[in-house]
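Below: model23.cif (mmCIF, C-alpha atoms)
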data_my_file
loop_
_atom_site.group_PDB
_atom_site.id
_atom_site.type_symbol
_atom_site.label_atom_id
_atom_site.label_comp_id
_atom_site.auth_asym_id
_atom_site.auth_seq_id
_atom_site.Cartn_x
_atom_site.Cartn_y
_atom_site.Cartn_z
ATOM 1 C CA MET A 11 102.158 90.332 92.127
ATOM 2 C CA THR A 12 104.747 93.483 93.667
ATOM 3 C CA SER A 13 103.362 92.443 96.450
ATOM 4 C CA SER A 14 101.144 89.615 97.489
ATOM 5 C CA PRO A 15 101.269 87.203 94.631
ATOM 6 C CA SER A 16 102.387 89.447 91.856
ATOM 7 C CA LEU A 17 99.971 90.976 89.405
ATOM 8 C CA ASP A 18 102.457 89.757 86.790
ATOM 9 C CA ALA A 19 102.715 93.290 85.466
ATOM 10 C CA GLY A 20 106.205 92.592 84.246
ATOM 11 C CA THR A 21 106.063 95.559 81.878
ATOM 12 C CA ALA A 22 107.621 98.370 83.855
ATOM 13 C CA GLY A 23 108.109 101.083 81.281
ATOM 14 C CA PRO A 24 107.826 104.855 81.041
ATOM 15 C CA THR A 25 104.223 104.825 82.358
ATOM 16 C CA GLU A 26 103.957 101.572 84.336
ATOM 17 C CA ARG A 27 102.064 102.282 87.553
ATOM 18 C CA ASP A 28 102.567 100.619 90.916
ATOM 19 C CA PRO A 29 99.298 101.115 92.854
ATOM 20 C CA PHE A 30 100.914 100.092 96.149
ATOM 21 C CA SER A 31 104.169 102.041 96.184
ATOM 22 C CA PRO A 32 104.502 104.486 99.077
ATOM 23 C CA LEU A 33 106.038 107.888 98.478
ATOM 24 C CA PRO A 34 109.837 107.633 98.471
ATOM 25 C CA ARG A 35 111.867 109.589 101.001
ATOM 26 C CA ASP A 36 112.488 112.274 98.412
ATOM 27 C CA THR A 37 109.021 113.365 97.273
ATOM 28 C CA ARG A 38 110.100 114.815 93.930
ATOM 29 C CA PRO A 39 107.986 113.275 91.130
ATOM 30 C CA VAL A 40 111.129 111.630 89.666
ATOM 31 C CA ARG A 41 114.370 110.926 91.437
ATOM 32 C CA THR A 42 117.401 108.788 90.650
ATOM 33 C CA GLU A 43 119.839 106.861 92.759
ATOM 34 C CA PRO A 44 123.031 104.931 91.885
ATOM 35 C CA ASN A 45 122.780 101.153 92.063
ATOM 36 C CA ASP A 46 125.923 99.138 92.814
ATOM 37 C CA ARG A 47 124.381 95.761 91.999
ATOM 38 C CA ARG A 48 125.488 94.151 88.762
ATOM 39 C CA VAL A 49 122.417 93.931 86.505
ATOM 40 C CA ARG A 50 122.270 91.856 83.339
ATOM 41 C CA VAL A 51 119.606 91.576 80.640
ATOM 42 C CA PHE A 52 119.340 88.483 78.415
ATOM 43 C CA PHE A 53 117.604 88.077 75.066
ATOM 44 C CA ASP A 54 117.730 84.934 72.943
ATOM 45 C CA GLY A 55 120.742 83.655 74.864
ATOM 46 C CA GLU A 56 122.734 86.865 74.473
ATOM 47 C CA VAL A 57 123.635 89.361 77.202
ATOM 48 C CA ILE A 58 122.409 92.636 75.762
ATOM 49 C CA ALA A 59 123.147 94.804 78.821
ATOM 50 C CA ASP A 60 125.601 94.250 81.662
ATOM 51 C CA SER A 61 126.300 96.980 84.176
ATOM 52 C CA ALA A 62 127.382 97.543 87.773
ATOM 53 C CA ARG A 63 126.519 101.234 87.525
ATOM 54 C CA THR A 64 122.849 101.422 86.624
ATOM 55 C CA LEU A 65 120.560 104.122 87.952
ATOM 56 C CA TYR A 66 117.449 103.353 89.933
ATOM 57 C CA VAL A 67 114.688 105.657 88.709
ATOM 58 C CA PHE A 68 111.866 106.187 91.195
ATOM 59 C CA GLU A 69 108.725 107.910 89.973
ATOM 60 C CA THR A 70 105.826 108.577 92.318
ATOM 61 C CA GLY A 71 103.182 105.878 91.850
ATOM 62 C CA HIS A 72 105.331 103.862 89.429
ATOM 63 C CA LEU A 73 107.453 100.760 89.681
ATOM 64 C CA PRO A 74 111.221 101.350 89.983
ATOM 65 C CA VAL A 75 113.166 101.083 86.722
ATOM 66 C CA TYR A 76 116.828 100.361 85.940
ATOM 67 C CA TYR A 77 118.511 102.787 83.538
ATOM 68 C CA PHE A 78 121.744 101.483 81.969
ATOM 69 C CA PRO A 79 124.682 103.604 80.802
ATOM 70 C CA ARG A 80 124.837 103.409 77.018
ATOM 71 C CA ALA A 81 128.416 102.151 77.241
ATOM 72 C CA ASP A 82 127.139 99.015 79.035
ATOM 73 C CA VAL A 83 124.537 98.156 76.393
ATOM 74 C CA ARG A 84 125.218 96.267 73.170
ATOM 75 C CA PHE A 85 123.971 98.844 70.719
ATOM 76 C CA GLU A 86 125.008 96.684 67.772
ATOM 77 C CA LEU A 87 121.898 94.625 68.658
ATOM 78 C CA LEU A 88 119.610 97.680 68.827
ATOM 79 C CA THR A 89 117.946 99.498 65.945
ATOM 80 C CA PRO A 90 116.332 102.952 66.358
ATOM 81 C CA THR A 91 112.629 103.138 65.475
ATOM 82 C CA ASP A 92 110.336 106.036 64.613
ATOM 83 C CA HIS A 93 108.302 105.505 67.802
ATOM 84 C CA HIS A 94 108.333 108.397 70.293
ATOM 85 C CA THR A 95 106.440 109.248 73.468
ATOM 86 C CA HIS A 96 106.325 112.247 75.772
ATOM 87 C CA CYS A 97 106.523 112.227 79.566
ATOM 88 C CA PRO A 98 105.752 115.545 81.297
ATOM 89 C CA ARG A 99 108.212 114.605 84.069
ATOM 90 C CA LYS A 100 111.138 113.386 81.960
ATOM 91 C CA GLY A 101 110.797 114.643 78.381
ATOM 92 C CA ASP A 102 110.599 113.002 74.958
ATOM 93 C CA ALA A 103 111.494 109.318 74.720
ATOM 94 C CA SER A 104 113.046 107.571 71.710
ATOM 95 C CA TYR A 105 112.807 103.810 71.189
ATOM 96 C CA TYR A 106 114.879 100.901 69.881
ATOM 97 C CA THR A 107 114.101 97.393 68.703
ATOM 98 C CA VAL A 108 116.262 94.519 69.953
ATOM 99 C CA ALA A 109 117.284 91.959 67.312
ATOM 100 C CA VAL A 110 119.286 88.780 67.914
ATOM 101 C CA GLY A 111 119.375 86.349 65.021
ATOM 102 C CA GLU A 112 115.819 86.064 63.708
ATOM 103 C CA ARG A 113 114.197 87.182 66.974
ATOM 104 C CA GLN A 114 113.097 90.759 67.538
ATOM 105 C CA ALA A 115 111.500 92.708 70.376
ATOM 106 C CA GLN A 116 109.877 95.808 68.942
ATOM 107 C CA ASN A 117 110.384 99.076 70.820
ATOM 108 C CA ALA A 118 111.773 97.162 73.792
ATOM 109 C CA VAL A 119 114.252 99.869 74.784
ATOM 110 C CA TRP A 120 113.706 103.558 75.432
ATOM 111 C CA ALA A 121 115.862 106.562 76.181
ATOM 112 C CA TYR A 122 115.584 110.268 76.924
ATOM 113 C CA PRO A 123 118.428 111.699 74.828
ATOM 114 C CA ARG A 124 117.513 115.265 75.878
ATOM 115 C CA PRO A 125 115.736 114.863 79.219
ATOM 116 C CA LEU A 126 114.212 117.711 81.159
ATOM 117 C CA PRO A 127 116.709 119.586 83.373
ATOM 118 C CA GLU A 128 115.250 118.038 86.549
ATOM 119 C CA VAL A 129 116.440 114.601 85.391
ATOM 120 C CA ALA A 130 119.465 115.549 83.320
ATOM 121 C CA GLU A 131 121.290 112.446 84.589
ATOM 122 C CA LEU A 132 119.078 110.267 82.362
ATOM 123 C CA ALA A 133 120.944 111.461 79.279
ATOM 124 C CA ASP A 134 123.254 108.741 77.975
ATOM 125 C CA HIS A 135 121.138 106.045 79.667
ATOM 126 C CA VAL A 136 118.573 103.588 78.329
ATOM 127 C CA ALA A 137 115.940 101.340 79.900
ATOM 128 C CA PHE A 138 114.287 98.051 78.882
ATOM 129 C CA TYR A 139 110.698 96.860 79.075
ATOM 130 C CA TRP A 140 110.904 94.031 81.566
ATOM 131 C CA ASP A 141 108.673 91.562 79.711
ATOM 132 C CA ARG A 142 110.106 92.139 76.228
ATOM 133 C CA VAL A 143 113.391 90.449 77.079
ATOM 134 C CA ASP A 144 113.993 86.917 78.330
ATOM 135 C CA ALA A 145 115.690 87.219 81.727
ATOM 136 C CA TRP A 146 117.051 89.646 84.288
ATOM 137 C CA TYR A 147 119.765 89.032 86.866
ATOM 138 C CA GLU A 148 120.886 91.014 89.910
ATOM 139 C CA GLU A 149 124.403 89.720 90.495
ATOM 140 C CA ASP A 150 123.917 85.948 89.900
ATOM 141 C CA GLU A 151 120.294 85.677 91.029
ATOM 142 C CA GLU A 152 117.427 85.861 88.550
ATOM 143 C CA VAL A 153 114.833 88.534 89.311
ATOM 144 C CA PHE A 154 111.232 88.416 88.137
ATOM 145 C CA VAL A 155 108.458 90.912 87.294
ATOM 146 C CA HIS A 156 110.281 94.186 88.126
ATOM 147 C CA PRO A 157 113.359 95.489 89.988
ATOM 148 C CA ARG A 158 113.310 94.979 93.727
ATOM 149 C CA ASP A 159 112.651 98.266 95.459
ATOM 150 C CA PRO A 160 115.368 98.872 98.097
ATOM 151 C CA TYR A 161 112.835 100.866 100.141
ATOM 152 C CA LYS A 162 110.282 98.067 100.267
ATOM 153 C CA ARG A 163 110.346 95.681 103.257
ATOM 154 C CA VAL A 164 108.956 92.157 103.410
ATOM 155 C CA ASP A 165 109.039 90.659 106.916
ATOM 156 C CA ALA A 166 107.712 87.192 107.820
ATOM 157 C CA LEU A 167 107.172 86.686 111.556
ATOM 158 C CA PRO A 168 106.063 83.454 113.264
ATOM 159 C CA SER A 169 103.111 83.972 115.604
ATOM 160 C CA SER A 170 100.896 82.143 118.115
ATOM 161 C CA ARG A 171 97.813 84.232 117.308
ATOM 162 C CA HIS A 172 94.570 82.412 116.585
ATOM 163 C CA VAL A 173 93.637 82.864 112.918
ATOM 164 C CA GLU A 174 90.422 81.592 111.329
ATOM 165 C CA ILE A 175 89.651 81.816 107.621
ATOM 166 C CA ARG A 176 85.932 81.767 106.800
ATOM 167 C CA LEU A 177 83.617 82.164 103.844
ATOM 168 C CA GLY A 178 80.251 82.848 105.389
ATOM 169 C CA ASP A 179 79.526 79.875 107.667
ATOM 170 C CA THR A 180 82.237 77.711 106.076
ATOM 171 C CA LEU A 181 85.478 77.364 108.024
ATOM 172 C CA LEU A 182 88.415 77.051 105.602
ATOM 173 C CA ALA A 183 91.314 77.150 108.067
ATOM 174 C CA ASP A 184 91.942 77.375 111.803
ATOM 175 C CA THR A 185 95.413 77.727 113.304
ATOM 176 C CA HIS A 186 97.346 78.932 116.331
ATOM 177 C CA ARG A 187 100.654 78.886 114.440
ATOM 178 C CA PRO A 188 100.432 81.351 111.545
ATOM 179 C CA THR A 189 103.291 83.241 109.969
ATOM 180 C CA LEU A 190 102.386 86.893 109.426
ATOM 181 C CA LEU A 191 103.848 88.572 106.372
ATOM 182 C CA PHE A 192 104.191 92.348 106.512
ATOM 183 C CA GLU A 193 104.904 93.923 103.132
ATOM 184 C CA THR A 194 105.186 97.663 102.560
ATOM 185 C CA GLY A 195 101.945 99.078 101.192
ATOM 186 C CA LEU A 196 99.945 95.818 101.340
ATOM 187 C CA PRO A 197 97.540 94.195 103.802
ATOM 188 C CA THR A 198 99.027 91.793 106.345
ATOM 189 C CA ARG A 199 98.958 88.290 104.868
ATOM 190 C CA TYR A 200 98.449 85.242 107.068
ATOM 191 C CA TYR A 201 100.453 82.201 105.941
ATOM 192 C CA LEU A 202 99.106 78.984 107.457
ATOM 193 C CA PRO A 203 100.407 75.416 107.852
ATOM 194 C CA LYS A 204 98.826 73.033 105.363
ATOM 195 C CA LEU A 205 97.679 70.723 108.180
ATOM 196 C CA ASP A 206 95.419 73.498 109.487
ATOM 197 C CA ILE A 207 93.502 73.983 106.221
ATOM 198 C CA ARG A 208 90.301 72.237 105.043
ATOM 199 C CA TRP A 209 91.460 70.843 101.734
ATOM 200 C CA ASP A 210 88.043 69.317 100.964
ATOM 201 C CA ARG A 211 86.937 72.826 99.878
ATOM 202 C CA LEU A 212 89.974 73.674 97.751
ATOM 203 C CA ILE A 213 91.100 72.372 94.372
ATOM 204 C CA PRO A 214 94.441 73.027 92.592
ATOM 205 C CA SER A 215 94.540 75.817 90.024
ATOM 206 C CA ALA A 216 96.743 76.076 86.950
ATOM 207 C CA THR A 217 97.548 79.699 87.795
ATOM 208 C CA ARG A 218 101.176 80.609 88.444
ATOM 209 C CA THR A 219 102.523 84.076 89.262
ATOM 210 C CA ARG A 220 105.909 85.431 90.238
ATOM 211 C CA CYS A 221 106.887 88.003 92.815
ATOM 212 C CA PRO A 222 110.355 89.610 92.786
ATOM 213 C CA TYR A 223 110.454 89.434 96.595
ATOM 214 C CA LYS A 224 109.025 85.965 97.285
ATOM 215 C CA GLY A 225 109.308 83.669 94.260
ATOM 216 C CA GLU A 226 106.757 81.707 92.220
ATOM 217 C CA ALA A 227 103.264 81.185 93.647
ATOM 218 C CA ARG A 228 100.858 78.317 93.016
ATOM 219 C CA TYR A 229 97.111 78.621 93.635
ATOM 220 C CA TRP A 230 93.973 76.851 94.827
ATOM 221 C CA SER A 231 90.344 77.675 94.040
ATOM 222 C CA TYR A 232 87.354 77.298 96.356
ATOM 223 C CA VAL A 233 84.375 75.102 95.490
ATOM 224 C CA GLY A 234 81.397 75.286 97.873
ATOM 225 C CA PRO A 235 78.838 72.560 98.645
ATOM 226 C CA ASP A 236 76.345 74.387 96.403
ATOM 227 C CA GLY A 237 78.834 74.505 93.532
ATOM 228 C CA THR A 238 79.895 78.107 94.173
ATOM 229 C CA ARG A 239 83.415 78.609 92.863
ATOM 230 C CA ILE A 240 85.961 81.322 93.638
ATOM 231 C CA ASP A 241 89.051 81.025 91.487
ATOM 232 C CA ASP A 242 92.561 81.428 92.892
ATOM 233 C CA LEU A 243 91.469 82.158 96.459
ATOM 234 C CA ALA A 244 94.625 80.853 98.150
ATOM 235 C CA TRP A 245 98.283 80.569 97.214
ATOM 236 C CA SER A 246 101.613 79.178 98.356
ATOM 237 C CA TYR A 247 105.283 79.594 97.537
ATOM 238 C CA PRO A 248 106.599 76.014 97.497
ATOM 239 C CA GLU A 249 110.167 77.274 97.257
ATOM 240 C CA ALA A 250 110.344 80.836 98.494
ATOM 241 C CA ILE A 251 113.481 82.741 97.559
ATOM 242 C CA PRO A 252 116.259 82.814 100.199
ATOM 243 C CA GLU A 253 115.309 86.220 101.643
ATOM 244 C CA ILE A 254 111.853 84.988 102.764
ATOM 245 C CA PRO A 255 112.310 81.279 103.621
ATOM 246 C CA LYS A 256 109.796 81.354 106.485
ATOM 247 C CA ILE A 257 106.757 81.207 104.172
ATOM 248 C CA ALA A 258 107.955 78.314 101.992
ATOM 249 C CA GLY A 259 105.199 75.702 101.776
ATOM 250 C CA LEU A 260 102.680 77.716 103.818
ATOM 251 C CA VAL A 261 99.315 78.802 102.402
ATOM 252 C CA ALA A 262 97.700 82.258 102.401
ATOM 253 C CA PHE A 263 94.176 83.388 101.488
ATOM 254 C CA TYR A 264 93.170 86.694 99.930
ATOM 255 C CA ASN A 265 92.014 88.927 102.786
ATOM 256 C CA GLU A 266 89.913 90.709 100.178
ATOM 257 C CA ARG A 267 87.766 87.610 99.471
ATOM 258 C CA VAL A 268 87.474 85.746 102.772
ATOM 259 C CA ASP A 269 86.601 86.611 106.364
ATOM 260 C CA ILE A 270 89.657 86.520 108.616
ATOM 261 C CA VAL A 271 89.254 86.353 112.392
ATOM 262 C CA VAL A 272 92.382 87.018 114.469
ATOM 263 C CA ASP A 273 92.211 86.274 118.197
ATOM 264 C CA GLY A 274 88.420 86.371 117.968
ATOM 265 C CA VAL A 275 88.293 89.776 116.259
ATOM 266 C CA PRO A 276 87.022 89.902 112.630
ATOM 267 C CA ARG A 277 89.264 91.835 110.259
ATOM 268 C CA GLU A 278 87.806 94.146 107.643
ATOM 269 C CA ARG A 279 88.278 93.086 104.057
ATOM 270 C CA PRO A 280 90.772 95.509 102.465
ATOM 271 C CA VAL A 281 90.106 97.034 99.060
ATOM 272 C CA THR A 282 92.944 96.313 96.617
ATOM 273 C CA PRO A 283 93.270 95.164 92.974
ATOM 274 C CA TRP A 284 92.685 91.616 94.313
ATOM 275 C CA SER A 285 89.262 92.484 95.768
#
Would you mind giving the structure from this file in structure tokens?
Amino acid sequence: MTSSPSLDAGTAGPTERDPFSPLPRDTRPVRTEPNDRRVRVFFDGEVIADSARTLYVFETGHLPVYYFPRADVRFELLTPTDHHTHCPRKGDASYYTVAVGERQAQNAVWAYPRPLPEVAELADHVAFYWDRVDAWYEEDEEVFVHPRDPYKRVDALPSSRHVEIRLGDTLLADTHRPTLLFETGLPTRYYLPKLDIRWDRLIPSATRTRCPYKGEARYWSYVGPDGTRIDDLAWSYPEAIPEIPKIAGLVAFYNERVDIVVDGVPRERPVTPWS
């Protein structure tokens, strides 16, 4: 979930789409940018890539991707395969399987050995499918789901606005002390103190998702007096990552599935993949 709670895409590859990403400053279909953060990739306890000179690759409508210089990748752990794909924006991609001990990740790495002239800088670089390896680190902090987009903002602001959460005639929450979370490309999310929520209508869910900007989310489902059930209607980040500490322990509801009233004015339900 890039995002509200993440969609757990976790598979950012040559064609992985990000339905929320705004156009980057440079509106070329594909653009690259140097990244000074040290990025490491782990598989079966081994560091298989370690670089402080990766490239960010931004592609309109796609998640950002790290491309590693070949010199910073342990090619002794990679085996070329006969799998190939074509991208009209970048060229023909070749693939590699990662093997450490008895574990393998098939076609987990791709490269454009002869990229199109518009992205010639991708030559001598490779990229990894996010979910086919075990862990990613930016410097010494683990990152989940996909690279953090340096052009995406997530701001959490305390507020005294009056926020009501309703499902029809049922009041689920009522507070004058919300925290409003503004995230690039997404609806405003209203994070509420637990004491201002009607817990008699919510039950814990086993669902867990991760967001690269906010941490790991836990969920609650709604059960109405007539037995109506809406799964995973609300979520919380019990331990938000250091950049967004203001929402730790607060609870948010999907704007797409409930009726939110702010200062007496009903908000329209947005249409997103969580609708």
Can you turn the PyMOL selection byres ((chain A and resi 223-234) around 9) into a concrete residue list for this file, as a short mmCIF file (atom, residue, chain, number, x, y, z; two decimals) with C-alpha atoms, in the frame of the given file?
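Below is the file result_12.cif, written as the result:
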data_model
loop_
_atom_site.label_atom_id
_atom_site.label_comp_id
_atom_site.auth_asym_id
_atom_site.auth_seq_id
_atom_site.Cartn_x
_atom_site.Cartn_y
_atom_site.Cartn_z
CA THR A 12 104.75 93.48 93.67
CA SER A 13 103.36 92.44 96.45
CA SER A 14 101.14 89.62 97.49
CA PRO A 15 101.27 87.20 94.63
CA SER A 16 102.39 89.45 91.86
CA VAL A 153 114.83 88.53 89.31
CA PHE A 154 111.23 88.42 88.14
CA ARG A 158 113.31 94.98 93.73
CA VAL A 164 108.96 92.16 103.41
CA THR A 180 82.24 77.71 106.08
CA ASP A 210 88.04 69.32 100.96
CA ARG A 211 86.94 72.83 99.88
CA LEU A 212 89.97 73.67 97.75
CA ILE A 213 91.10 72.37 94.37
CA PRO A 214 94.44 73.03 92.59
CA SER A 215 94.54 75.82 90.02
CA ALA A 216 96.74 76.08 86.95
CA THR A 217 97.55 79.70 87.80
CA ARG A 218 101.18 80.61 88.44
CA THR A 219 102.52 84.08 89.26
CA ARG A 220 105.91 85.43 90.24
CA CYS A 221 106.89 88.00 92.82
CA PRO A 222 110.36 89.61 92.79
CA PRO A 235 78.84 72.56 98.64
CA ASP A 236 76.34 74.39 96.40
CA GLY A 237 78.83 74.50 93.53
CA THR A 238 79.90 78.11 94.17
CA ARG A 239 83.42 78.61 92.86
CA ILE A 240 85.96 81.32 93.64
CA ASP A 241 89.05 81.03 91.49
CA ASP A 242 92.56 81.43 92.89
CA LEU A 243 91.47 82.16 96.46
CA ALA A 244 94.62 80.85 98.15
CA TRP A 245 98.28 80.57 97.21
CA SER A 246 101.61 79.18 98.36
CA TYR A 247 105.28 79.59 97.54
CA PRO A 248 106.60 76.01 97.50
CA GLU A 249 110.17 77.27 97.26
CA ALA A 250 110.34 80.84 98.49
CA ILE A 251 113.48 82.74 97.56
CA PRO A 252 116.26 82.81 100.20
CA GLU A 253 115.31 86.22 101.64
CA ILE A 254 111.85 84.99 102.76
CA PRO A 255 112.31 81.28 103.62
CA ILE A 257 106.76 81.21 104.17
#
Around all of segment 79-86 of chain A's listed atoms, make the axis-aligned box with 6 Å on each side and tell me centre and edge lengths in Å to one decimal, as lines of an AutoDock Vina configuration file.
center_x = 126.2
center_y = 99.9
center_z = 74.3
size_x = 16.4
size_y = 19.3
size_z = 25.0
Neighbours of point (89.2, 72.1, 107.1) within 8 Å, using all atoms listed in the file, written as an MDAnalysis selection string: chainID A and resid 181:184 206:211
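Taking only C-alpha atoms into account, those protein, DNA and RNA residues with any atom at most 9 Å away from (113.4, 116.8, 80.8) amount to Cys97, Pro98, Arg99, Lys100, Gly101, Asp102, Tyr122, Arg124, Pro125, Leu126, Pro127, Glu128, Val129, Ala130 and Leu132 of chain A.
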If we count only C-alpha atoms and set the cut-off at 9 Å, which residues sit around Thr189 of chain A, ignoring sequence neighbours fewer than 3 positions away in its own chain? Please answer as a VMD selection string. chain A and resid 166 to 170 199 to 203 256 to 257 260
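Around Tyr66 of chain A, within 6 Å and counting only C-alpha atoms, the residues found are A:Thr42, A:Glu43, A:Val75, A:Tyr76, once anything fewer than 3 positions away on its own chain is removed.
Take atom CA of Pro123 of chain A and atom CA of Val110 of chain A: the distance between them is 24.0 Å.
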